[in-house]
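Participant: Sharing a structure with you now.
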Amino acid sequence: MELCDLPAFQISEMVRRREVSASEVLDSALNRIQLVDGRQGCLDPGSITDEDRKKVHAFISITTDKARAQASAVDKKIAAGEPPGALAGVPISIKDIFCVRGTNSTAASKILANFNSPYTATPVNRLEAAGGLVLGKANLDEFTYGSSNESSAFQPTPRNPWNTKHVPGGSSGGCTASVAAGEAALSLGTDTAGSIRQPASFCGVVGMKPTYGRVSRYGLIAFGSSLDCPGPVARNVKDVALMLRIIAGSDPHDSTAAVVPVDDYVAALEKNVKGKRIGLSPDYFKITYPVPASDSFQQQAIPQDIDQTVQHAAEIFRQMGAEIVEGVPMPNTRNGIPAYFVISRVEAASNLHRYDGVKYGYRTPGELDDLRTMYRKSRGEAFGPQPKLRILMGMYVSAAQYSEQYYMRALKVRSLIRQDFDRIFDPAGPYHLDALLTPTTPTPAFEMDAVYGDSVMMQYADQLTVPANHAGIPGISIPGGISSSGLPVGIQLLGPDFSEANLLSIAHAFETATTNEPWRSVKPQVLQ
Amino acid sequence: MSDAISEDTFKHLVDLAALELSPTESQYLLEQLNNQIKAIRELEKIPIDKDTPPARHGVPFPVPICPAPREDRVELYPHVDDLLSQVPDIEDRYIIVPDIPHTELE
């Protein structure tokens with residue numbers, strides 16, 4: 001095992017004890033990137049080669065000089081006897097949806113390809129202040145719009161380290177791929193409909209969507225301002241807890257960052273699950289899909305691989321003394337995607353209006369007579385199809401003659417989704433659950449090009465994760481097993497508002513209890 | 001409720017969205033939008049009590065967890081040159097853009 005494969009908490013301990021230097025850790029990570037990543041995503045990639053198809057391509061940019069300076073600063077602090085921070089020497093990838101001063105912060109879009117950020121996002125600031133090394137900006141779906149990472153304007157797009165013919169998931173596909181491939185020990189992603197949890201499940205890593213407002217969104221290029229949640233990605237639960245402890249907390253720059261004390265998530269891991277009430281809902285074991293060439297949607301049972309993985313997890317919890325509560329009704333689960341199609345698009349259309357070629361970003365070249373032509377050409381030339389779809393749908397469903405029927409109705413359905421969770425987590429209610437255990441995704445990672453182009457099918461990949469975004473509650477995806485096709489299967493735990501400590505302790509208990517299960521010793525294809 | 005988005009409505013949306021699209025793009029986007037409308041129309045089937053409130057976000061934000069607004073005091077941004085260095089066309093710290101042609105008001 002190389003240094004870069006070690007857990008973040010172990011790397012940090014070794015660096016602080018001077019067993020290794022931060023510079024040595026950085027070298028290990030950069031060597032791993034060199035070995036597995038292939039070329040970084042760019043706007044003009046030419047043909048995708050056979051060699052490209054075997055690599056991970058997790059990054060848009062690698063910030064080697066910045067990381068070296070940070071490693072050197074950590075090593076100097078340690079030599080001087082100063083505290084270097086809880087993440088001293090830990091290599092971290094940052095989803096390129098976060099502004100980081102001095103880096104191109106592109107949102108994986110041509111419209112921001114040349115945008116050099118003048119400031120740094122709060123979660124990134126906190127990671128850097130804790131001694132973390134920013135390795136580079138991870139690739140993503142353009143403006144986070146997607147569930148496969150294929151929509152990025154920066155190609156080649158990331159591939160799944162477990163099987164590079166398959167997608168890593170999205171939109172935080174570069175984040176989860178970089179962690180699964182041992183390039184980064186930690187990654188900072190975002191989750192708006194499942195964009196941390198779904199790719200974490202696809203890539204066999206741990207990914208958490210904190211409660212909305214738990215982590216500041218200052219410096220996060222906005223998609224859905226009522227839905228976006230920055231969150232941690234790592235290879236184990238303790239690392240996620242460590243990272244969340246650092247990035248969480250109120251922020252004077254973000255009025256939606258809640259003033260709620262940050263628990264010691266690492267200390268909370270040792271609580272056991274004995275007596276915890278963990279629910280299973282039949283509504284999460286059905287998947288909804290559009291019937292081709294028709295207006296209808298149908299439901300079918302979730303694939304057996306995935307069902308069995310979750311049932312196995314329930315049995316593990318049962319053996320540890322948790323009470324498994326079956327038959328928990330979550331009737332509005334299937335309404336999550338339709339409501340999301342409306343709410344997220346309205347917010348996206350609003351948030352994308354600022355990209356006009358005037359003050360920053362792409363401006364159409366050539367002399368023009370009319371400012372409005374400049375807007376249309378700049379936006380038309382530089383936005384990809386996914387942003388265009390979101391803007392157009394957002395404008396349609398919020399138009400005066402339709403907003404009551406679509407937008408207001410979707411907001412009311414959001415209330416119903418929230419009520420489902422309120423009912424099951426209510427301490428005085430009939431279920432009074434500590435957590436709900438569900439599959440994370442309807443399928444394991446699908447093949448590249450299998451779904452991209454069908455925007456409805458692609459969105460339905462998030463049907464089991466999006467309810468938590470509507471409700472704002474926290475959720476975590478952890479590896480639960482390997483499917484018969486050799487791809488990771490994730491299990492998801494959802495909990496009440498600001499119950500991250502509880503979710504992390506339950507996840508940690510599962511991870512510990514399954515340490516010696518055979519599937520845990522299988523490695524991703526790129527590391528074999 | 002509305003049916004599929006017509007080509008005229010689509011063109012109007014494109015205009016509002018300040019986009020310029022090729023015919024191939026327009027065809028693909030309109031097809032996808034109308035497929036998405038089918039999913040959105042699933043919302044029509046959900047019985048909603050008239051007292052159900054619209055939820056602009058999921059998590060309640062009572063006053064105790066809302067950050068207090070900062071003091072209303074002017075704070076000059078310290079890195080103006082960093083911002084101006086991003087401007088595509090600039091002269092003497094003025095951002096240059098095409099004109100908006102004058103039109104007669106009817």
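By order in the structure tokens, chains are A, B, ...; within a chain, residues start at 1; ligands start at 1, following the order shown.
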Please report as an mmCIF file with N, CA, C and O atoms, in the first residue's frame which residues of chain A come no farther than 6 Å from chain B, using only C-alpha atoms.
Facilitator:
```
data_model
loop_
_atom_site.group_PDB
_atom_site.id
_atom_site.type_symbol
_atom_site.label_atom_id
_atom_site.label_comp_id
_atom_site.auth_asym_id
_atom_site.auth_seq_id
_atom_site.Cartn_x
_atom_site.Cartn_y
_atom_site.Cartn_z
ATOM 1 N N PRO A 118 -10.931 35.208 -8.031
ATOM 2 C CA PRO A 118 -10.250 36.162 -7.144
ATOM 3 C C PRO A 118 -10.455 35.846 -5.663
ATOM 4 O O PRO A 118 -9.931 36.551 -4.805
ATOM 5 N N SER A 226 -31.574 26.397 -3.120
ATOM 6 C CA SER A 226 -32.264 25.813 -1.971
ATOM 7 C C SER A 226 -31.944 24.327 -1.818
ATOM 8 O O SER A 226 -32.479 23.662 -0.925
ATOM 9 N N SER A 255 -25.734 33.615 4.394
ATOM 10 C CA SER A 255 -26.857 33.765 5.308
ATOM 11 C C SER A 255 -27.684 32.500 5.436
ATOM 12 O O SER A 255 -28.577 32.432 6.266
ATOM 13 N N ALA A 258 -26.369 27.614 8.644
ATOM 14 C CA ALA A 258 -27.071 27.642 9.925
ATOM 15 C C ALA A 258 -26.128 27.844 11.110
ATOM 16 O O ALA A 258 -25.016 27.299 11.132
ATOM 17 N N VAL A 259 -26.614 28.592 12.077
ATOM 18 C CA VAL A 259 -25.861 28.793 13.319
ATOM 19 C C VAL A 259 -26.228 27.649 14.253
ATOM 20 O O VAL A 259 -27.096 27.775 15.112
ATOM 21 N N ASP A 295 -46.372 8.267 -22.689
ATOM 22 C CA ASP A 295 -46.401 9.345 -21.697
ATOM 23 C C ASP A 295 -46.373 8.803 -20.277
ATOM 24 O O ASP A 295 -46.529 9.561 -19.342
ATOM 25 N N PRO A 338 -40.071 14.327 -10.473
ATOM 26 C CA PRO A 338 -40.932 15.341 -11.118
ATOM 27 C C PRO A 338 -40.840 16.708 -10.443
ATOM 28 O O PRO A 338 -40.758 17.729 -11.127
ATOM 29 N N LYS A 359 -18.650 40.906 -17.678
ATOM 30 C CA LYS A 359 -17.598 41.227 -16.690
ATOM 31 C C LYS A 359 -16.539 40.140 -16.565
ATOM 32 O O LYS A 359 -15.443 40.395 -16.085
ATOM 33 N N TYR A 360 -16.884 38.911 -16.900
ATOM 34 C CA TYR A 360 -15.939 37.794 -16.753
ATOM 35 C C TYR A 360 -16.444 36.637 -17.603
ATOM 36 O O TYR A 360 -17.572 36.653 -18.087
ATOM 37 N N ASP A 369 -22.979 45.010 -33.008
ATOM 38 C CA ASP A 369 -23.670 46.300 -32.919
ATOM 39 C C ASP A 369 -24.632 46.373 -31.755
ATOM 40 O O ASP A 369 -25.185 47.427 -31.489
ATOM 41 N N ASP A 370 -24.906 45.236 -31.147
ATOM 42 C CA ASP A 370 -26.025 45.201 -30.196
ATOM 43 C C ASP A 370 -25.626 44.368 -28.984
ATOM 44 O O ASP A 370 -25.214 43.204 -29.121
ATOM 45 N N LEU A 371 -25.781 44.933 -27.805
ATOM 46 C CA LEU A 371 -25.438 44.223 -26.569
ATOM 47 C C LEU A 371 -26.210 42.922 -26.442
ATOM 48 O O LEU A 371 -25.680 41.896 -25.999
ATOM 49 N N ARG A 376 -26.694 36.804 -26.411
ATOM 50 C CA ARG A 376 -27.227 35.568 -27.022
ATOM 51 C C ARG A 376 -26.113 34.718 -27.598
ATOM 52 O O ARG A 376 -26.102 33.493 -27.425
ATOM 53 N N LYS A 377 -25.189 35.384 -28.287
ATOM 54 C CA LYS A 377 -24.104 34.606 -28.901
ATOM 55 C C LYS A 377 -23.162 34.034 -27.845
ATOM 56 O O LYS A 377 -22.760 32.873 -27.923
ATOM 57 N N ARG A 379 -23.746 33.269 -24.684
ATOM 58 C CA ARG A 379 -24.392 32.177 -23.947
ATOM 59 C C ARG A 379 -24.649 30.977 -24.861
ATOM 60 O O ARG A 379 -24.463 29.816 -24.474
ATOM 61 N N GLY A 380 -25.051 31.257 -26.093
ATOM 62 C CA GLY A 380 -25.310 30.166 -27.041
ATOM 63 C C GLY A 380 -24.063 29.381 -27.379
ATOM 64 O O GLY A 380 -24.096 28.159 -27.505
ATOM 65 N N LEU A 411 -43.545 23.030 -5.348
ATOM 66 C CA LEU A 411 -43.146 23.431 -3.992
ATOM 67 C C LEU A 411 -44.048 22.773 -2.946
ATOM 68 O O LEU A 411 -43.597 22.461 -1.835
ATOM 69 N N LYS A 412 -45.312 22.571 -3.290
ATOM 70 C CA LYS A 412 -46.211 21.892 -2.358
ATOM 71 C C LYS A 412 -45.870 20.405 -2.270
ATOM 72 O O LYS A 412 -45.918 19.806 -1.196
ATOM 73 N N ARG A 414 -42.969 19.309 -2.591
ATOM 74 C CA ARG A 414 -41.763 19.310 -1.738
ATOM 75 C C ARG A 414 -42.161 19.235 -0.262
ATOM 76 O O ARG A 414 -41.521 18.545 0.530
ATOM 77 N N SER A 415 -43.222 19.957 0.104
ATOM 78 C CA SER A 415 -43.731 19.882 1.481
ATOM 79 C C SER A 415 -44.141 18.455 1.821
ATOM 80 O O SER A 415 -43.888 17.972 2.928
ATOM 81 N N VAL A 456 -34.239 12.505 -19.384
ATOM 82 C CA VAL A 456 -35.194 12.031 -18.376
ATOM 83 C C VAL A 456 -34.632 10.806 -17.665
ATOM 84 O O VAL A 456 -34.612 10.730 -16.443
ATOM 85 N N HIS A 470 -34.761 17.586 -1.377
ATOM 86 C CA HIS A 470 -36.006 18.355 -1.213
ATOM 87 C C HIS A 470 -36.247 18.646 0.257
ATOM 88 O O HIS A 470 -36.631 19.746 0.638
ATOM 89 N N ALA A 471 -36.021 17.609 1.086
ATOM 90 C CA ALA A 471 -36.323 17.748 2.512
ATOM 91 C C ALA A 471 -35.218 18.476 3.272
ATOM 92 O O ALA A 471 -35.440 18.937 4.389
ATOM 93 N N GLY A 472 -34.023 18.538 2.683
ATOM 94 C CA GLY A 472 -32.894 19.205 3.336
ATOM 95 C C GLY A 472 -32.154 18.342 4.340
ATOM 96 O O GLY A 472 -31.135 18.747 4.874
#
```
Participant: Would you mind listing what lies within 8 Å of Gly174 (chain A) as a list of chain:residue names, with only C-alpha atoms counted and same-chain residues fewer than 2 positions away left out?
Facilitator: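 Listed by chain and then number, they are A:His57, A:Ala58, A:Phe59, A:Lys95, A:Ala138, A:Asn139, A:Leu140, A:Asn149, A:Pro158, A:Pro168, A:Ser172, A:Thr176, A:Ala177, A:Ser178.
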Participant: For CA of Ser147 (chain A) and CA of Tyr452 (chain A), quote the distance in Å rounded to one decimal.
Facilitator: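 Distance reported for this atom pair: 9.1 Å.
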Participant: From a backbone DSSP assignment, name each residue in region 35-101 of chain B labelled strand (DSSP E), as a VMD selection string.
Facilitator: chain B and resid 90 to 91 94 to 95
Participant: Kindly save the residues from that selection, with N, CA, C and O atoms included, as a short mmCIF file (atom, residue, chain, number, x, y, z; two decimals), in the first residue's frame.
Facilitator:
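Printed below is again-v1.cif as written:
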```
data_model
loop_
_atom_site.label_atom_id
_atom_site.label_comp_id
_atom_site.auth_asym_id
_atom_site.auth_seq_id
_atom_site.Cartn_x
_atom_site.Cartn_y
_atom_site.Cartn_z
N ILE B 90 -11.74 45.95 -21.79
CA ILE B 90 -11.70 47.00 -20.77
C ILE B 90 -10.81 48.15 -21.23
O ILE B 90 -9.83 47.93 -21.95
N GLU B 91 -11.19 49.38 -20.86
CA GLU B 91 -10.39 50.56 -21.23
C GLU B 91 -10.50 51.56 -20.10
O GLU B 91 -11.61 51.96 -19.71
N TYR B 94 -13.01 51.01 -17.53
CA TYR B 94 -14.41 50.94 -17.97
C TYR B 94 -14.59 49.65 -18.75
O TYR B 94 -13.78 49.29 -19.60
N ILE B 95 -15.69 48.97 -18.47
CA ILE B 95 -16.00 47.73 -19.19
C ILE B 95 -16.65 48.11 -20.51
O ILE B 95 -17.66 48.84 -20.53
#
```
Participant: Could you please determine the separation between CA of Arg217 (chain A) and CA of Gly231 (chain A) in Å, to one decimal place?
Facilitator: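 Value for the CA of Arg217 (chain A)-CA of Gly231 (chain A) distance: 10.3 Å.
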Participant: To one decimal place in Å, what is the distance between CA of Pro496 (chain A) and CA of Ala461 (chain A)?
Facilitator: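 Result for CA of Pro496 (chain A) versus CA of Ala461 (chain A): 23.5 Å, one decimal.
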Participant: Quick one: residues within 10 Å of Ala501 (chain A), only C-alpha atoms counted, chain neighbours fewer than 5 positions away excluded, as a list of chain:residue names?
Facilitator: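 Final neighbour list, sorted by chain and number: A:Ala241, A:Leu244, A:Arg245, A:Val262, A:Asp263, A:Asp264, A:Tyr265, A:Val266, A:Ala267, A:Ala268, A:Leu269, A:Lys271, A:Gly495, A:Ile506, A:Ala507.
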Participant: Show me, as a list in words, the residues that have an atom within 9 Å of Ile196 (chain A) when counting only C-alpha atoms, minus same-chain residues fewer than 4 positions from it.
Facilitator: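 In the requested form, the answer reads Gly169, Gly170, Ser171, Ser172, Gly173, Cys175, Thr176, Gly189, Thr190, Asp191, Thr192, Ala200, Ser201, Val206, Gly207, Met208, Lys209, Pro230, Gly231, Pro232, Val233, Ile476 and Ser477 of chain A.
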Participant: Can you write just those residues out, N, CA and C atoms, as a PDB file, in the first residue's frame?
Facilitator:
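The resulting file, result_32.pdb, is shown below:
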```
ATOM      1  N   GLY A 169     -20.364   8.195 -12.261  1.00  0.00           N
ATOM      2  CA  GLY A 169     -21.521   8.870 -11.685  1.00  0.00           C
ATOM      3  C   GLY A 169     -21.316  10.374 -11.711  1.00  0.00           C
ATOM      4  N   GLY A 170     -22.286  11.099 -11.258  1.00  0.00           N
ATOM      5  CA  GLY A 170     -22.161  12.552 -11.257  1.00  0.00           C
ATOM      6  C   GLY A 170     -23.184  13.201 -10.323  1.00  0.00           C
ATOM      7  N   SER A 171     -22.970  14.480 -10.154  1.00  0.00           N
ATOM      8  CA  SER A 171     -22.016  15.265 -10.886  1.00  0.00           C
ATOM      9  C   SER A 171     -20.609  15.290 -10.277  1.00  0.00           C
ATOM     10  N   SER A 172     -20.447  14.747  -9.047  1.00  0.00           N
ATOM     11  CA  SER A 172     -19.109  14.788  -8.415  1.00  0.00           C
ATOM     12  C   SER A 172     -18.290  13.573  -8.841  1.00  0.00           C
ATOM     13  N   GLY A 173     -18.342  13.243 -10.145  1.00  0.00           N
ATOM     14  CA  GLY A 173     -17.667  12.048 -10.628  1.00  0.00           C
ATOM     15  C   GLY A 173     -16.153  12.130 -10.521  1.00  0.00           C
ATOM     16  N   CYS A 175     -14.522  13.818  -8.301  1.00  0.00           N
ATOM     17  CA  CYS A 175     -14.210  13.714  -6.871  1.00  0.00           C
ATOM     18  C   CYS A 175     -14.131  12.257  -6.451  1.00  0.00           C
ATOM     19  N   THR A 176     -15.206  11.517  -6.725  1.00  0.00           N
ATOM     20  CA  THR A 176     -15.259  10.141  -6.240  1.00  0.00           C
ATOM     21  C   THR A 176     -14.255   9.261  -6.987  1.00  0.00           C
ATOM     22  N   GLY A 189     -17.047  17.710  -2.600  1.00  0.00           N
ATOM     23  CA  GLY A 189     -18.024  17.676  -3.676  1.00  0.00           C
ATOM     24  C   GLY A 189     -19.244  18.490  -3.311  1.00  0.00           C
ATOM     25  N   THR A 190     -20.270  18.389  -4.171  1.00  0.00           N
ATOM     26  CA  THR A 190     -21.557  19.008  -3.859  1.00  0.00           C
ATOM     27  C   THR A 190     -22.668  18.031  -4.221  1.00  0.00           C
ATOM     28  N   ASP A 191     -23.786  18.174  -3.501  1.00  0.00           N
ATOM     29  CA  ASP A 191     -24.909  17.252  -3.657  1.00  0.00           C
ATOM     30  C   ASP A 191     -26.188  18.071  -3.753  1.00  0.00           C
ATOM     31  N   THR A 192     -26.822  18.038  -4.927  1.00  0.00           N
ATOM     32  CA  THR A 192     -28.037  18.819  -5.164  1.00  0.00           C
ATOM     33  C   THR A 192     -29.232  17.905  -5.391  1.00  0.00           C
ATOM     34  N   ALA A 200     -20.517   8.375  -5.259  1.00  0.00           N
ATOM     35  CA  ALA A 200     -19.832   7.625  -4.204  1.00  0.00           C
ATOM     36  C   ALA A 200     -20.238   6.155  -4.273  1.00  0.00           C
ATOM     37  N   SER A 201     -21.523   5.913  -4.484  1.00  0.00           N
ATOM     38  CA  SER A 201     -22.005   4.532  -4.605  1.00  0.00           C
ATOM     39  C   SER A 201     -21.398   3.862  -5.824  1.00  0.00           C
ATOM     40  N   VAL A 206     -17.114   6.527   0.267  1.00  0.00           N
ATOM     41  CA  VAL A 206     -18.090   7.103   1.199  1.00  0.00           C
ATOM     42  C   VAL A 206     -18.344   8.547   0.797  1.00  0.00           C
ATOM     43  N   GLY A 207     -19.596   8.938   0.712  1.00  0.00           N
ATOM     44  CA  GLY A 207     -19.913  10.326   0.366  1.00  0.00           C
ATOM     45  C   GLY A 207     -21.101  10.790   1.180  1.00  0.00           C
ATOM     46  N   MET A 208     -20.996  11.993   1.692  1.00  0.00           N
ATOM     47  CA  MET A 208     -22.063  12.507   2.555  1.00  0.00           C
ATOM     48  C   MET A 208     -22.650  13.810   2.046  1.00  0.00           C
ATOM     49  N   LYS A 209     -23.972  13.898   2.048  1.00  0.00           N
ATOM     50  CA  LYS A 209     -24.675  15.147   1.853  1.00  0.00           C
ATOM     51  C   LYS A 209     -25.075  15.607   3.253  1.00  0.00           C
ATOM     52  N   PRO A 230     -22.500  21.459  -0.111  1.00  0.00           N
ATOM     53  CA  PRO A 230     -21.127  20.955  -0.168  1.00  0.00           C
ATOM     54  C   PRO A 230     -20.975  19.804   0.827  1.00  0.00           C
ATOM     55  N   GLY A 231     -20.120  18.826   0.477  1.00  0.00           N
ATOM     56  CA  GLY A 231     -19.955  17.701   1.401  1.00  0.00           C
ATOM     57  C   GLY A 231     -18.696  16.903   1.113  1.00  0.00           C
ATOM     58  N   PRO A 232     -18.338  16.017   2.052  1.00  0.00           N
ATOM     59  CA  PRO A 232     -17.081  15.268   1.961  1.00  0.00           C
ATOM     60  C   PRO A 232     -17.210  13.929   1.228  1.00  0.00           C
ATOM     61  N   VAL A 233     -16.094  13.550   0.604  1.00  0.00           N
ATOM     62  CA  VAL A 233     -15.933  12.232  -0.029  1.00  0.00           C
ATOM     63  C   VAL A 233     -14.627  11.651   0.484  1.00  0.00           C
ATOM     64  N   ILE A 476     -25.976   9.766   3.857  1.00  0.00           N
ATOM     65  CA  ILE A 476     -24.625   9.274   3.567  1.00  0.00           C
ATOM     66  C   ILE A 476     -24.737   7.991   2.755  1.00  0.00           C
ATOM     67  N   SER A 477     -23.856   7.852   1.773  1.00  0.00           N
ATOM     68  CA  SER A 477     -23.757   6.592   1.039  1.00  0.00           C
ATOM     69  C   SER A 477     -22.441   5.937   1.415  1.00  0.00           C
TER      70      SER A 477
END
```
Participant: Out of chain B, which residues get alpha helix (DSSP H) from DSSP, as a VMD selection string?
Facilitator: chain B and resid 7 to 16 23 to 40 80 to 84
Participant: I'd like the neighbourhood of region 2-11 of chain A as a PyMOL selection string, where a residue qualifies if any of its atoms comes within 9 Å (using only C-alpha atoms), though same-chain residues fewer than 3 positions away should be ignored.
Facilitator: chain A and resi 14-16+20+22+24-30+32+86-91+179+181-186+234-236+238-239+242
Participant: May I ask which of the residues A:Ala314, A:Ala67, A:Ile111, A:Cys203 is the closest one to Tyr355 (chain A), counting only C-alpha atoms?
Facilitator: A:Ile111
Participant: Counting only C-alpha atoms, which residues in region 286-357 of chain A sit no more than 9 Å from region 434-441 of chain A? For each one, give the nearest pair of atoms and the distance in Å, sorted by chain then residue number, as a Markdown table.
Facilitator:
```
| residue | atom | partner | partner_atom | distance |
| --- | --- | --- | --- | --- |
| A:Ile302 | CA | A:Pro439 | CA | 8.9 |
| A:Ile306 | CA | A:Pro439 | CA | 6.7 |
| A:Asp307 | CA | A:Pro439 | CA | 7.3 |
| A:Thr309 | CA | A:Pro439 | CA | 8.1 |
| A:Val310 | CA | A:Pro439 | CA | 6.2 |
| A:Ala313 | CA | A:Leu437 | CA | 8.6 |
| A:Ala314 | CA | A:Leu437 | CA | 7.7 |
| A:Val328 | CA | A:Leu436 | CA | 8.8 |
```
